[in-house]
file final_24.cif (mmCIF, C-alpha atoms and all ligand atoms)
data_coords
#
loop_
_atom_site.label_atom_id
_atom_site.label_comp_id
_atom_site.auth_asym_id
_atom_site.auth_seq_id
_atom_site.Cartn_x
_atom_site.Cartn_y
_atom_site.Cartn_z
CA MET A 21 -19.65 -5.27 -36.07
CA ARG A 22 -21.29 -4.98 -32.66
CA MET A 23 -23.63 -2.14 -31.75
CA VAL A 24 -22.24 -1.97 -28.21
CA ASP A 25 -18.77 -1.13 -29.56
CA LEU A 26 -20.20 1.64 -31.74
CA ILE A 27 -22.10 3.14 -28.78
CA GLU A 28 -18.85 3.12 -26.82
CA LYS A 29 -16.96 4.73 -29.70
CA LYS A 30 -19.46 7.60 -29.91
CA ARG A 31 -19.72 7.86 -26.13
CA ASP A 32 -15.96 8.49 -26.04
CA GLY A 33 -16.20 11.23 -28.65
CA ASN A 34 -14.92 9.42 -31.74
CA ALA A 35 -16.36 9.71 -35.22
CA LEU A 36 -18.29 6.82 -36.76
CA SER A 37 -17.45 5.70 -40.30
CA LYS A 38 -19.83 5.36 -43.26
CA GLU A 39 -19.81 1.54 -42.87
CA GLU A 40 -20.62 1.85 -39.17
CA LEU A 41 -23.48 4.31 -39.75
CA ASP A 42 -24.91 2.13 -42.54
CA PHE A 43 -24.77 -0.86 -40.17
CA ILE A 44 -26.60 1.12 -37.47
CA ILE A 45 -29.37 2.47 -39.72
CA ASP A 46 -29.89 -0.86 -41.53
CA GLY A 47 -30.01 -2.72 -38.24
CA TYR A 48 -32.35 -0.26 -36.59
CA THR A 49 -34.71 -0.20 -39.61
CA ASP A 50 -34.94 -4.01 -39.81
CA GLY A 51 -35.30 -4.41 -36.06
CA SER A 52 -32.05 -6.27 -35.37
CA ILE A 53 -30.80 -3.32 -33.28
CA PRO A 54 -33.20 -2.79 -30.36
CA ASP A 55 -34.57 0.54 -29.14
CA TYR A 56 -32.48 0.47 -25.94
CA GLN A 57 -29.20 0.38 -27.84
CA MET A 58 -30.37 3.02 -30.29
CA SER A 59 -31.49 5.21 -27.36
CA ALA A 60 -28.02 5.00 -25.86
CA LEU A 61 -26.44 5.95 -29.17
CA LEU A 62 -28.82 8.91 -29.62
CA MET A 63 -27.88 10.22 -26.19
CA ALA A 64 -24.18 9.80 -27.01
CA ILE A 65 -24.71 11.79 -30.24
CA PHE A 66 -26.62 14.42 -28.27
CA TYR A 67 -23.61 14.98 -26.00
CA GLN A 68 -20.70 14.28 -28.37
CA ASP A 69 -22.08 15.82 -31.58
CA MET A 70 -21.06 14.64 -35.05
CA THR A 71 -18.68 15.82 -37.75
CA ASP A 72 -20.14 17.02 -41.08
CA GLU A 73 -18.90 13.85 -42.66
CA GLU A 74 -20.73 11.72 -40.10
CA ILE A 75 -23.92 13.74 -40.50
CA SER A 76 -23.88 13.32 -44.27
CA HIS A 77 -23.27 9.56 -44.04
CA LEU A 78 -26.07 9.28 -41.47
CA THR A 79 -28.42 11.33 -43.67
CA LEU A 80 -27.76 9.23 -46.77
CA ALA A 81 -28.16 6.00 -44.82
CA MET A 82 -31.54 7.26 -43.56
CA ALA A 83 -32.62 8.46 -47.03
CA ASN A 84 -31.69 5.04 -48.45
CA SER A 85 -33.68 3.17 -45.78
CA GLY A 86 -36.81 3.42 -47.99
CA ASP A 87 -37.97 4.60 -51.40
CA ILE A 88 -36.07 7.30 -53.25
CA ILE A 89 -38.61 9.15 -55.36
CA ASP A 90 -37.67 9.53 -58.99
CA LEU A 91 -38.92 12.85 -60.39
CA SER A 92 -36.88 12.62 -63.57
CA SER A 93 -40.02 12.34 -65.71
CA ILE A 94 -40.94 15.87 -64.63
CA GLU A 95 -39.37 18.43 -66.94
CA GLY A 96 -37.17 21.16 -65.51
CA VAL A 97 -35.26 21.68 -62.29
CA LYS A 98 -37.45 20.59 -59.37
CA VAL A 99 -37.01 22.86 -56.37
CA ASP A 100 -38.40 21.95 -52.96
CA LYS A 101 -38.99 24.34 -50.09
CA HIS A 102 -38.96 23.18 -46.51
CA SER A 103 -39.63 25.02 -43.28
CA THR A 104 -38.35 23.72 -39.96
CA GLY A 105 -41.69 24.60 -38.45
CA GLY A 106 -43.81 27.53 -37.49
CA VAL A 107 -47.16 28.93 -36.44
CA GLY A 108 -49.55 30.25 -39.06
CA ASP A 109 -46.89 29.55 -41.69
CA THR A 110 -48.89 30.04 -44.85
CA THR A 111 -45.89 30.30 -47.22
CA THR A 112 -46.26 26.96 -49.03
CA LEU A 113 -49.88 27.73 -49.94
CA VAL A 114 -48.73 30.92 -51.65
CA LEU A 115 -45.35 29.80 -52.98
CA ALA A 116 -46.50 26.64 -54.74
CA PRO A 117 -48.79 28.46 -57.22
CA LEU A 118 -46.65 31.62 -57.25
CA VAL A 119 -43.41 30.01 -58.43
CA ALA A 120 -45.30 27.57 -60.67
CA SER A 121 -46.84 30.59 -62.40
CA VAL A 122 -43.35 31.60 -63.58
CA ASP A 123 -42.73 28.08 -64.90
CA VAL A 124 -40.77 26.56 -62.02
CA PRO A 125 -42.05 23.00 -61.49
CA VAL A 126 -43.30 22.39 -57.94
CA ALA A 127 -43.67 18.71 -57.02
CA LYS A 128 -44.44 19.16 -53.37
CA MET A 129 -44.68 16.48 -50.74
CA SER A 130 -46.18 17.86 -47.55
CA GLY A 131 -47.13 16.68 -44.09
CA ARG A 132 -49.89 17.06 -41.55
CA GLY A 133 -49.80 19.28 -38.51
CA LEU A 134 -48.98 18.10 -35.02
CA GLY A 135 -48.97 20.08 -31.78
CA PHE A 136 -48.73 23.82 -32.26
CA THR A 137 -47.44 23.62 -35.84
CA GLY A 138 -49.91 23.37 -38.69
CA GLY A 139 -49.57 21.10 -41.70
CA THR A 140 -49.88 22.10 -45.34
CA LEU A 141 -51.99 19.04 -46.21
CA ASP A 142 -54.62 19.90 -43.58
CA LYS A 143 -54.76 23.43 -44.94
CA PHE A 144 -55.34 22.32 -48.53
CA GLU A 145 -57.99 19.88 -47.34
CA SER A 146 -60.02 22.86 -46.09
CA ILE A 147 -60.99 23.25 -49.74
CA PRO A 148 -63.95 20.90 -50.35
CA GLY A 149 -62.98 17.99 -52.60
CA PHE A 150 -59.24 18.75 -52.62
CA LYS A 151 -57.50 15.39 -52.94
CA ILE A 152 -53.95 14.93 -51.64
CA GLU A 153 -53.75 11.23 -52.47
CA LEU A 154 -52.60 10.99 -56.05
CA SER A 155 -50.90 8.04 -57.74
CA ASP A 156 -47.28 8.63 -58.76
CA GLN A 157 -48.39 8.85 -62.39
CA GLU A 158 -51.18 11.38 -61.67
CA PHE A 159 -48.73 13.46 -59.67
CA VAL A 160 -46.15 13.55 -62.47
CA ASP A 161 -48.81 14.21 -65.13
CA ILE A 162 -50.31 17.13 -63.22
CA VAL A 163 -46.90 18.72 -62.60
CA ASN A 164 -45.98 18.35 -66.27
CA LYS A 165 -49.31 19.88 -67.32
CA SER A 166 -49.73 22.66 -64.75
CA LYS A 167 -46.29 22.88 -63.06
CA VAL A 168 -47.68 22.24 -59.57
CA ALA A 169 -49.14 19.51 -57.37
CA VAL A 170 -49.12 18.72 -53.66
CA ILE A 171 -49.32 15.22 -52.25
CA GLY A 172 -49.03 13.47 -48.89
CA GLN A 173 -45.74 11.89 -47.95
CA SER A 174 -45.46 8.37 -49.32
CA GLY A 175 -45.61 5.54 -46.81
CA ASN A 176 -42.08 4.35 -47.31
CA LEU A 177 -40.11 7.61 -47.39
CA ALA A 178 -37.14 7.43 -45.00
CA PRO A 179 -38.67 4.81 -42.64
CA ALA A 180 -35.52 4.98 -40.49
CA ASP A 181 -36.41 8.60 -39.72
CA LYS A 182 -39.98 7.73 -38.80
CA LYS A 183 -38.74 5.17 -36.26
CA LEU A 184 -35.91 7.35 -34.99
CA TYR A 185 -38.09 10.42 -34.60
CA ALA A 186 -40.55 8.49 -32.43
CA LEU A 187 -37.66 7.24 -30.29
CA ARG A 188 -36.09 10.72 -29.99
CA ASP A 189 -39.43 12.09 -28.89
CA VAL A 190 -39.47 9.85 -25.79
CA THR A 191 -35.75 9.88 -24.99
CA ALA A 192 -35.17 13.67 -24.80
CA THR A 193 -32.96 13.65 -27.91
CA VAL A 194 -35.02 15.78 -30.31
CA ASP A 195 -33.03 18.99 -29.76
CA SER A 196 -29.80 17.85 -31.35
CA ILE A 197 -28.50 19.64 -34.43
CA PRO A 198 -26.99 16.56 -36.15
CA LEU A 199 -30.18 14.59 -35.47
CA ILE A 200 -32.53 17.35 -36.70
CA ALA A 201 -30.37 18.03 -39.77
CA SER A 202 -30.20 14.36 -40.77
CA SER A 203 -33.93 13.88 -40.10
CA ILE A 204 -35.00 16.76 -42.33
CA MET A 205 -32.43 16.26 -45.08
CA SER A 206 -32.96 12.48 -45.36
CA LYS A 207 -36.61 13.14 -46.22
CA LYS A 208 -35.80 15.96 -48.64
CA ILE A 209 -33.20 13.87 -50.45
CA ALA A 210 -35.53 10.86 -50.63
CA ALA A 211 -38.33 13.10 -51.97
CA GLY A 212 -36.30 13.61 -55.12
CA ALA A 213 -35.90 17.38 -55.57
CA ASP A 214 -32.91 18.69 -57.55
CA ALA A 215 -32.60 21.78 -55.36
CA ILE A 216 -33.74 22.65 -51.86
CA VAL A 217 -34.62 26.00 -50.26
CA LEU A 218 -34.70 25.72 -46.48
CA ASP A 219 -36.57 28.10 -44.23
CA VAL A 220 -34.86 27.66 -40.85
CA THR A 221 -37.08 29.32 -38.29
CA THR A 222 -35.88 30.76 -35.01
CA GLY A 223 -37.72 32.08 -31.96
CA GLU A 224 -40.37 30.89 -29.54
CA GLY A 225 -42.42 29.16 -32.23
CA ALA A 226 -39.46 27.17 -33.61
CA PHE A 227 -37.15 24.28 -32.72
CA MET A 228 -34.18 26.63 -32.62
CA LYS A 229 -34.83 29.21 -29.94
CA ASN A 230 -31.76 31.33 -30.74
CA ILE A 231 -30.11 32.61 -33.89
CA ASP A 232 -26.72 30.99 -33.34
CA ASP A 233 -28.28 27.52 -33.15
CA ALA A 234 -30.46 28.26 -36.17
CA LYS A 235 -27.36 29.29 -38.14
CA ARG A 236 -25.50 26.16 -37.18
CA LEU A 237 -28.46 24.00 -38.19
CA ALA A 238 -28.80 25.89 -41.48
CA LYS A 239 -25.09 25.62 -42.32
CA THR A 240 -25.12 21.92 -41.49
CA MET A 241 -28.12 21.23 -43.72
CA VAL A 242 -26.74 23.30 -46.60
CA ARG A 243 -23.47 21.34 -46.47
CA ILE A 244 -25.26 17.98 -46.35
CA GLY A 245 -27.47 18.96 -49.29
CA LYS A 246 -24.44 19.89 -51.36
CA LEU A 247 -22.58 16.72 -50.40
CA ALA A 248 -25.64 14.79 -51.62
CA GLY A 249 -25.46 16.62 -54.94
CA ARG A 250 -28.47 18.90 -54.39
CA GLN A 251 -28.16 22.66 -54.63
CA THR A 252 -29.21 23.86 -51.21
CA MET A 253 -29.56 27.22 -49.46
CA ALA A 254 -31.23 28.43 -46.29
CA VAL A 255 -33.05 31.53 -45.11
CA ILE A 256 -33.01 32.11 -41.35
CA SER A 257 -36.38 33.60 -40.55
CA ASP A 258 -38.02 34.81 -37.39
CA MET A 259 -40.77 32.80 -35.76
CA SER A 260 -41.15 34.60 -32.47
CA GLU A 261 -44.59 35.82 -33.57
CA PRO A 262 -46.88 33.91 -35.98
CA LEU A 263 -46.39 34.59 -39.71
CA GLY A 264 -49.11 36.68 -41.33
CA GLN A 265 -52.45 37.18 -39.61
CA ALA A 266 -54.22 33.84 -39.96
CA ILE A 267 -53.60 30.71 -37.88
CA GLY A 268 -55.97 27.85 -38.71
CA ASN A 269 -56.68 25.85 -41.82
CA SER A 270 -59.51 27.58 -43.73
CA LEU A 271 -58.34 30.94 -42.45
CA GLU A 272 -54.90 30.32 -43.94
CA ILE A 273 -56.38 29.30 -47.29
CA VAL A 274 -58.21 32.63 -47.35
CA GLU A 275 -55.01 34.40 -46.31
CA ALA A 276 -53.14 32.69 -49.16
CA ILE A 277 -55.83 33.78 -51.65
CA ASP A 278 -55.57 37.37 -50.37
CA THR A 279 -51.78 37.22 -50.68
CA LEU A 280 -52.02 35.86 -54.22
CA LYS A 281 -54.26 38.84 -55.00
CA GLY A 282 -51.57 41.19 -53.67
CA GLU A 283 -53.66 41.99 -50.59
CA GLY A 284 -51.94 39.76 -48.04
CA PRO A 285 -50.11 40.65 -44.82
CA ALA A 286 -46.78 42.42 -45.42
CA ASP A 287 -44.61 39.88 -43.56
CA LEU A 288 -46.10 36.84 -45.32
CA THR A 289 -45.85 38.55 -48.71
CA GLU A 290 -42.21 39.48 -48.13
CA MET A 291 -41.36 35.97 -46.92
CA CYS A 292 -42.87 34.53 -50.10
CA TYR A 293 -40.84 36.90 -52.28
CA VAL A 294 -37.60 36.08 -50.46
CA LEU A 295 -38.07 32.29 -50.55
CA GLY A 296 -39.66 32.35 -53.99
CA SER A 297 -36.80 34.36 -55.53
CA GLN A 298 -34.31 31.81 -54.26
CA MET A 299 -36.41 28.99 -55.76
CA VAL A 300 -36.63 30.74 -59.14
CA VAL A 301 -32.84 31.30 -59.26
CA LEU A 302 -32.06 27.71 -58.22
CA ALA A 303 -34.44 26.49 -60.94
CA GLY A 304 -32.43 28.48 -63.47
CA LYS A 305 -35.35 30.69 -64.50
CA ALA A 306 -33.62 33.95 -63.52
CA ALA A 307 -29.97 34.96 -63.29
CA THR A 308 -30.27 37.14 -60.19
CA LEU A 309 -32.49 37.40 -57.13
CA ASP A 310 -33.65 40.86 -58.27
CA GLU A 311 -34.73 39.54 -61.63
CA ALA A 312 -36.52 36.62 -59.93
CA ARG A 313 -38.32 38.93 -57.55
CA ALA A 314 -39.49 41.16 -60.39
CA MET A 315 -40.94 38.09 -62.14
CA LEU A 316 -42.79 37.05 -58.99
CA GLU A 317 -44.12 40.54 -58.34
CA GLU A 318 -45.43 40.69 -61.90
CA ALA A 319 -47.07 37.25 -61.55
CA LEU A 320 -48.76 38.34 -58.36
CA HIS A 321 -49.96 41.73 -59.55
CA SER A 322 -51.14 40.51 -62.96
CA GLY A 323 -53.35 37.82 -61.40
CA LYS A 324 -51.29 35.04 -63.02
CA ALA A 325 -50.38 33.52 -59.64
CA LEU A 326 -53.99 33.46 -58.47
CA GLU A 327 -55.04 31.81 -61.74
CA LYS A 328 -52.36 29.17 -61.13
CA PHE A 329 -53.85 28.53 -57.69
CA ARG A 330 -57.28 28.10 -59.30
CA GLU A 331 -55.84 25.64 -61.80
CA MET A 332 -54.10 23.72 -59.01
CA VAL A 333 -57.31 23.44 -56.96
CA LYS A 334 -59.24 22.16 -60.00
CA ASP A 335 -56.48 19.69 -60.96
CA GLN A 336 -56.68 18.14 -57.50
CA GLY A 337 -60.48 17.86 -57.50
CA GLY A 338 -61.16 20.85 -55.26
CA ASP A 339 -64.02 23.33 -55.44
CA ALA A 340 -62.38 26.39 -57.02
CA THR A 341 -65.41 28.59 -56.40
CA VAL A 342 -64.14 29.07 -52.82
CA ILE A 343 -61.51 31.39 -54.31
CA ASP A 344 -64.22 33.94 -55.13
CA GLN A 345 -66.57 32.99 -52.31
CA THR A 346 -64.32 32.50 -49.30
CA ASP A 347 -67.34 32.52 -46.94
CA LYS A 348 -67.98 28.97 -48.09
CA ILE A 349 -65.08 27.73 -45.96
CA LEU A 350 -65.24 30.30 -43.13
CA THR A 351 -68.03 28.45 -41.38
CA ALA A 352 -67.13 28.71 -37.68
CA LYS A 353 -70.25 29.29 -35.56
CA TYR A 354 -68.75 32.04 -33.43
CA GLU A 355 -66.50 35.00 -34.23
CA ILE A 356 -65.31 36.49 -30.97
CA GLU A 357 -63.15 39.60 -30.66
CA LEU A 358 -60.39 39.91 -28.06
CA PRO A 359 -60.16 43.54 -26.92
CA ALA A 360 -56.88 45.11 -25.74
CA LYS A 361 -56.84 45.79 -22.00
CA THR A 362 -54.45 48.74 -22.33
CA SER A 363 -53.22 51.18 -24.96
CA GLY A 364 -49.69 51.09 -26.37
CA TYR A 365 -47.67 49.07 -28.85
CA VAL A 366 -47.73 45.30 -29.30
CA THR A 367 -44.30 44.06 -28.21
CA ASP A 368 -44.78 40.30 -28.13
CA LEU A 369 -47.09 37.65 -29.58
CA VAL A 370 -45.61 34.37 -28.36
CA ALA A 371 -45.89 32.16 -31.45
CA ASN A 372 -45.99 28.70 -29.89
CA GLU A 373 -48.56 29.68 -27.26
CA ILE A 374 -50.79 31.29 -29.88
CA GLY A 375 -50.40 28.09 -31.89
CA ILE A 376 -51.54 26.14 -28.82
CA ALA A 377 -54.57 28.44 -28.46
CA ALA A 378 -55.51 27.65 -32.08
CA MET A 379 -54.98 23.96 -31.39
CA LEU A 380 -57.27 24.12 -28.34
CA LEU A 381 -59.98 25.61 -30.57
CA GLY A 382 -59.63 22.48 -32.70
CA ALA A 383 -57.36 23.76 -35.51
CA GLY A 384 -54.54 21.35 -34.60
CA ARG A 385 -53.97 17.89 -33.20
CA LYS A 386 -52.72 16.99 -29.73
CA THR A 387 -52.10 13.42 -30.87
CA LYS A 388 -51.58 12.00 -34.36
CA GLU A 389 -54.99 10.27 -34.31
CA GLU A 390 -57.11 13.32 -33.56
CA ASP A 391 -59.43 14.92 -36.09
CA ILE A 392 -59.16 18.62 -36.76
CA ASP A 393 -61.76 21.31 -37.35
CA HIS A 394 -60.84 23.17 -40.52
CA ALA A 395 -63.05 26.17 -39.85
CA VAL A 396 -61.63 27.35 -36.51
CA GLY A 397 -58.59 29.44 -35.67
CA ILE A 398 -57.35 32.93 -34.98
CA LYS A 399 -56.97 36.04 -37.09
CA LEU A 400 -54.58 38.62 -35.69
CA HIS A 401 -55.48 42.26 -36.25
CA LYS A 402 -52.38 43.58 -34.49
CA LYS A 403 -48.84 42.36 -34.91
CA VAL A 404 -45.58 43.21 -33.15
CA GLY A 405 -44.87 46.92 -33.64
CA ASP A 406 -48.52 47.90 -34.18
CA LYS A 407 -50.18 50.61 -32.13
CA VAL A 408 -53.30 49.62 -30.24
CA ALA A 409 -55.90 51.50 -28.20
CA GLU A 410 -57.61 50.10 -25.11
CA GLY A 411 -60.76 48.22 -26.14
CA GLU A 412 -59.64 47.83 -29.75
CA SER A 413 -59.74 44.23 -31.08
CA LEU A 414 -56.37 42.45 -31.01
CA LEU A 415 -57.68 39.43 -32.86
CA THR A 416 -60.77 37.47 -33.82
CA ILE A 417 -61.30 33.95 -32.49
CA TYR A 418 -63.15 31.65 -34.91
CA ALA A 419 -64.72 28.92 -32.77
CA ASN A 420 -67.35 26.24 -32.93
CA SER A 421 -67.94 26.40 -29.18
CA ASN A 422 -68.49 29.52 -27.12
CA GLU A 423 -66.73 28.05 -24.10
CA ILE A 424 -63.38 29.58 -24.82
CA ASP A 425 -62.36 31.05 -21.45
CA GLU A 426 -59.17 28.97 -21.39
CA VAL A 427 -58.24 30.09 -24.90
CA GLU A 428 -58.86 33.76 -24.11
CA LYS A 429 -56.78 33.48 -20.95
CA LEU A 430 -53.90 31.84 -22.82
CA LEU A 431 -54.01 34.53 -25.51
CA TYR A 432 -54.01 37.40 -23.02
CA GLU A 433 -51.04 35.84 -21.20
CA ASN A 434 -49.06 35.71 -24.43
CA ILE A 435 -49.73 39.11 -25.93
CA SER A 436 -47.68 41.95 -24.46
CA ILE A 437 -48.42 45.61 -24.90
CA GLY A 438 -45.73 48.15 -23.99
CA GLU A 439 -45.13 51.85 -24.22
CA GLU A 440 -42.29 51.81 -26.75
CA PRO A 441 -42.75 50.63 -30.33
CA LYS A 442 -40.73 47.54 -31.23
CA GLU A 443 -39.45 46.85 -34.74
CA PRO A 444 -40.08 43.23 -35.77
CA ILE A 445 -37.37 41.37 -37.70
CA LEU A 446 -38.39 38.96 -40.45
CA ILE A 447 -35.18 37.64 -42.02
CA HIS A 448 -32.08 37.18 -39.88
CA ASP A 449 -29.67 35.75 -42.42
CA ILE A 450 -29.22 33.94 -45.71
CA ILE A 451 -26.90 30.93 -45.76
CA THR A 452 -25.53 29.71 -49.07
CA GLU A 453 -22.53 27.72 -47.83
N1 LIG B 501 -38.47 18.24 -38.40
C1 LIG B 501 -38.09 16.99 -38.74
O1 LIG B 501 -38.53 16.45 -39.73
N2 LIG B 501 -37.20 16.35 -37.94
C2 LIG B 501 -36.67 16.91 -36.84
O2 LIG B 501 -35.88 16.29 -36.18
C3 LIG B 501 -37.08 18.21 -36.50
C4 LIG B 501 -37.97 18.85 -37.31
CA CA B 502 -50.52 32.87 -41.56
#

call {"tool": "encode", "arguments": {"input": "final_24.cif", "output": "structure tokens"}}
result
Amino acid sequence: MRMVDLIEKKRDGNALSKEELDFIIDGYTDGSIPDYQMSALLMAIFYQDMTDEEISHLTLAMANSGDIIDLSSIEGVKVDKHSTGGVGDTTTLVLAPLVASVDVPVAKMSGRGLGFTGGTLDKFESIPGFKIELSDQEFVDIVNKSKVAVIGQSGNLAPADKKLYALRDVTATVDSIPLIASSIMSKKIAAGADAIVLDVTTGEGAFMKNIDDAKRLAKTMVRIGKLAGRQTMAVISDMSEPLGQAIGNSLEIVEAIDTLKGEGPADLTEMCYVLGSQMVVLAGKAATLDEARAMLEEALHSGKALEKFREMVKDQGGDATVIDQTDKILTAKYEIELPAKTSGYVTDLVANEIGIAAMLLGAGRKTKEEDIDHAVGIKLHKKVGDKVAEGESLLTIYANSNEIDEVEKLLYENISIGEEPKEPILIHDIITE
């Protein structure tokens, strides 16, 4: 087989076979296919698209390029949840202990944040002592004992994706549905879950800017998951404004604690119930979504979910006293309010730009090598649809420097106040096949 012939085949709009896709992924992973040929193929895929069959062969080839994690020594149906990216997305911090508290095992592999999207690992590391590097055995033992643990992605999980993603980033081929779907699903399949709940975000803060594209991506991933023998479903959620009120690592830990106490923001709480109910049903712990939701509501209101969070923090070496004394991690030097310049209703909070503002404060990384400041970030006091009076605080900026003119300017440019109230939408659709 010659790579040049395969590039030509795709360029002309023909489908590649399983053998051809295996050849491509094996060759690219071991270096025998150079970046320039792979770049040409990526651009051909970008323009010519792929059939479902091609996407699933590509995904499995990528998943098989490295380790496939074996979670079979963990009892029960392991359900993973994955979001395609967002701003202030605190759901994993709440969902992991919440669904574990109703006996659904959560063996979660998470990543770090980059650019305007935050990473679950960075958030957990805001808790002093919290260790995300566990051996495979420790990980399995903790999940069997307490039903929940979170670790960093192993070094050799879908290495083909790592290499391809870096190449896509510099060849303008990130925004391709078959390439995004295979990238995400190869990692999920390699991470070993039996069932997968996908949160496909849409809006300014997401990869998919419109609902039709988000639906196509969701349907594609659900089909690939099923073809790979994993029960898979997707929720299409809105990410035009940040989720909840907190954006920033320590701030989101505190927001998760509040939510686990039943005192969290309405949108974040609802999102956790919707995603959590799907996880509980897929795990076989409830027959219907209503029954699952009732279990989760009970766990949250009885304090069982918060106790599970405490147990999880202790299991991973973290200081659980922060749960009762959240001031211990809210250590930013300055807390600066941003007053509204006019009265009216909030009509827009542009998620990605607000994520960038948090990043500029130090809550996120511009490059992979940068350090982050766990204490800084933004807490929104007004969300889309809320009424606001001139001079009232829109949000609090948590900063470790008081030179924040650029951040304030960026925030003002991306918060709109209008005369008519606007109803925010949280869930656009649920895709099960
Ligand atoms: N997340 C991924 O892991 N891969 C993509 O291509 C896009 C989002
Ligand atoms: Ca949040």

call {"tool": "residues_around", "arguments": {"input": "final_24.cif", "residues": "region 284-286 of chain A", "least_positions_apart": "5", "cutoff": "10 Å", "atoms": "all atoms listed in the file", "output": "list in words"}}
result
Leu263, Gly264, Gln265, Ala266, Val274, Glu275, Ala276, Ile277, Asp278, Thr279, Met291 and Cys292 of chain A

call {"tool": "closest_residue", "arguments": {"input": "final_24.cif", "among": "A:Asp339, A:Glu412, A:Glu153, A:Glu261", "to": "ligand CA 502 (chain B)", "atoms": "all atoms listed in the file"}}
result
A:Glu261

call {"tool": "residues_around", "arguments": {"input": "final_24.cif", "residues": "region 187-190 of chain A", "least_positions_apart": "6", "cutoff": "9 Å", "atoms": "all atoms listed in the file", "output": "list in words"}}
result
Asp55, Met58, Ser59, Leu62 and Leu199 of chain A

call {"tool": "residues_around", "arguments": {"input": "final_24.cif", "residues": "Ala340 (chain A)", "least_positions_apart": "5", "cutoff": "7 Å", "atoms": "only C-alpha atoms", "output": "list in words"}}
result
Arg330, Val333 and Lys334 of chain A

call {"tool": "closest_atom_pairs", "arguments": {"input": "final_24.cif", "of": "region 78-161 of chain A", "to": "region 233-241 of chain A", "cutoff": "12 Å", "atoms": "all atoms listed in the file", "output": "tab-separated table"}}
result
residue	atom	partner	partner_atom	distance
A:Thr79	CA	A:Met241	CA	9.9
A:His102	CA	A:Met241	CA	11.4
A:Ser103	CA	A:Ala238	CA	11.0
A:Thr104	CA	A:Ala234	CA	9.9

call {"tool": "atom_distance", "arguments": {"input": "final_24.cif", "atom1": "CA of Glu272 (chain A)", "atom2": "CA of Thr110 (chain A)"}}
result
6.1 Å

call {"tool": "closest_residue", "arguments": {"input": "final_24.cif", "among": "A:Asp449, A:Glu317, A:Asp142, A:Asp425", "to": "Thr289 (chain A)", "atoms": "all atoms listed in the file"}}
result
A:Glu317

call {"tool": "closest_atom_pairs", "arguments": {"input": "final_24.cif", "of": "chain A", "to": "ligand LIG 501 (chain B)", "cutoff": "7 Å", "atoms": "all atoms listed in the file", "output": "tab-separated table"}}
result
residue	atom	partner	partner_atom	distance
A:Thr104	CA	B:LIG501	C4	5.6
A:Gly105	CA	B:LIG501	C4	6.9
A:Tyr185	CA	B:LIG501	O2	6.5
A:Val194	CA	B:LIG501	O2	6.0
A:Leu199	CA	B:LIG501	O2	6.0
A:Ile200	CA	B:LIG501	O2	3.6
A:Ala201	CA	B:LIG501	O2	6.8
A:Ser203	CA	B:LIG501	N2	4.6
A:Ile204	CA	B:LIG501	O1	4.4

call {"tool": "residues_near_point", "arguments": {"input": "final_24.cif", "point": "(-67.6, 26.2, -38.4)", "cutoff": "10 Å", "atoms": "only C-alpha atoms", "output": "PyMOL selection string"}}
result
chain A and resi 270+349-355+393-397+418-421

call {"tool": "closest_atom_pairs", "arguments": {"input": "final_24.cif", "of": "region 169-255 of chain A", "to": "region 302-310 of chain A", "cutoff": "9 Å", "atoms": "only C-alpha atoms", "output": "JSON lines"}}
result
{"residue": "A:Asp214", "atom": "CA", "partner": "A:Ala303", "partner_atom": "CA", "distance": 8.6}
{"residue": "A:Ala215", "atom": "CA", "partner": "A:Leu302", "partner_atom": "CA", "distance": 6.6}
{"residue": "A:Ile216", "atom": "CA", "partner": "A:Leu302", "partner_atom": "CA", "distance": 8.3}
{"residue": "A:Val217", "atom": "CA", "partner": "A:Leu302", "partner_atom": "CA", "distance": 8.5}
{"residue": "A:Gln251", "atom": "CA", "partner": "A:Leu302", "partner_atom": "CA", "distance": 7.3}
{"residue": "A:Thr252", "atom": "CA", "partner": "A:Leu302", "partner_atom": "CA", "distance": 8.5}

call {"tool": "closest_residue", "arguments": {"input": "final_24.cif", "among": "A:Lys403, A:Arg132, A:Lys429, A:Lys361", "to": "ligand CA 502 (chain B)", "atoms": "all atoms listed in the file"}}
result
A:Lys403
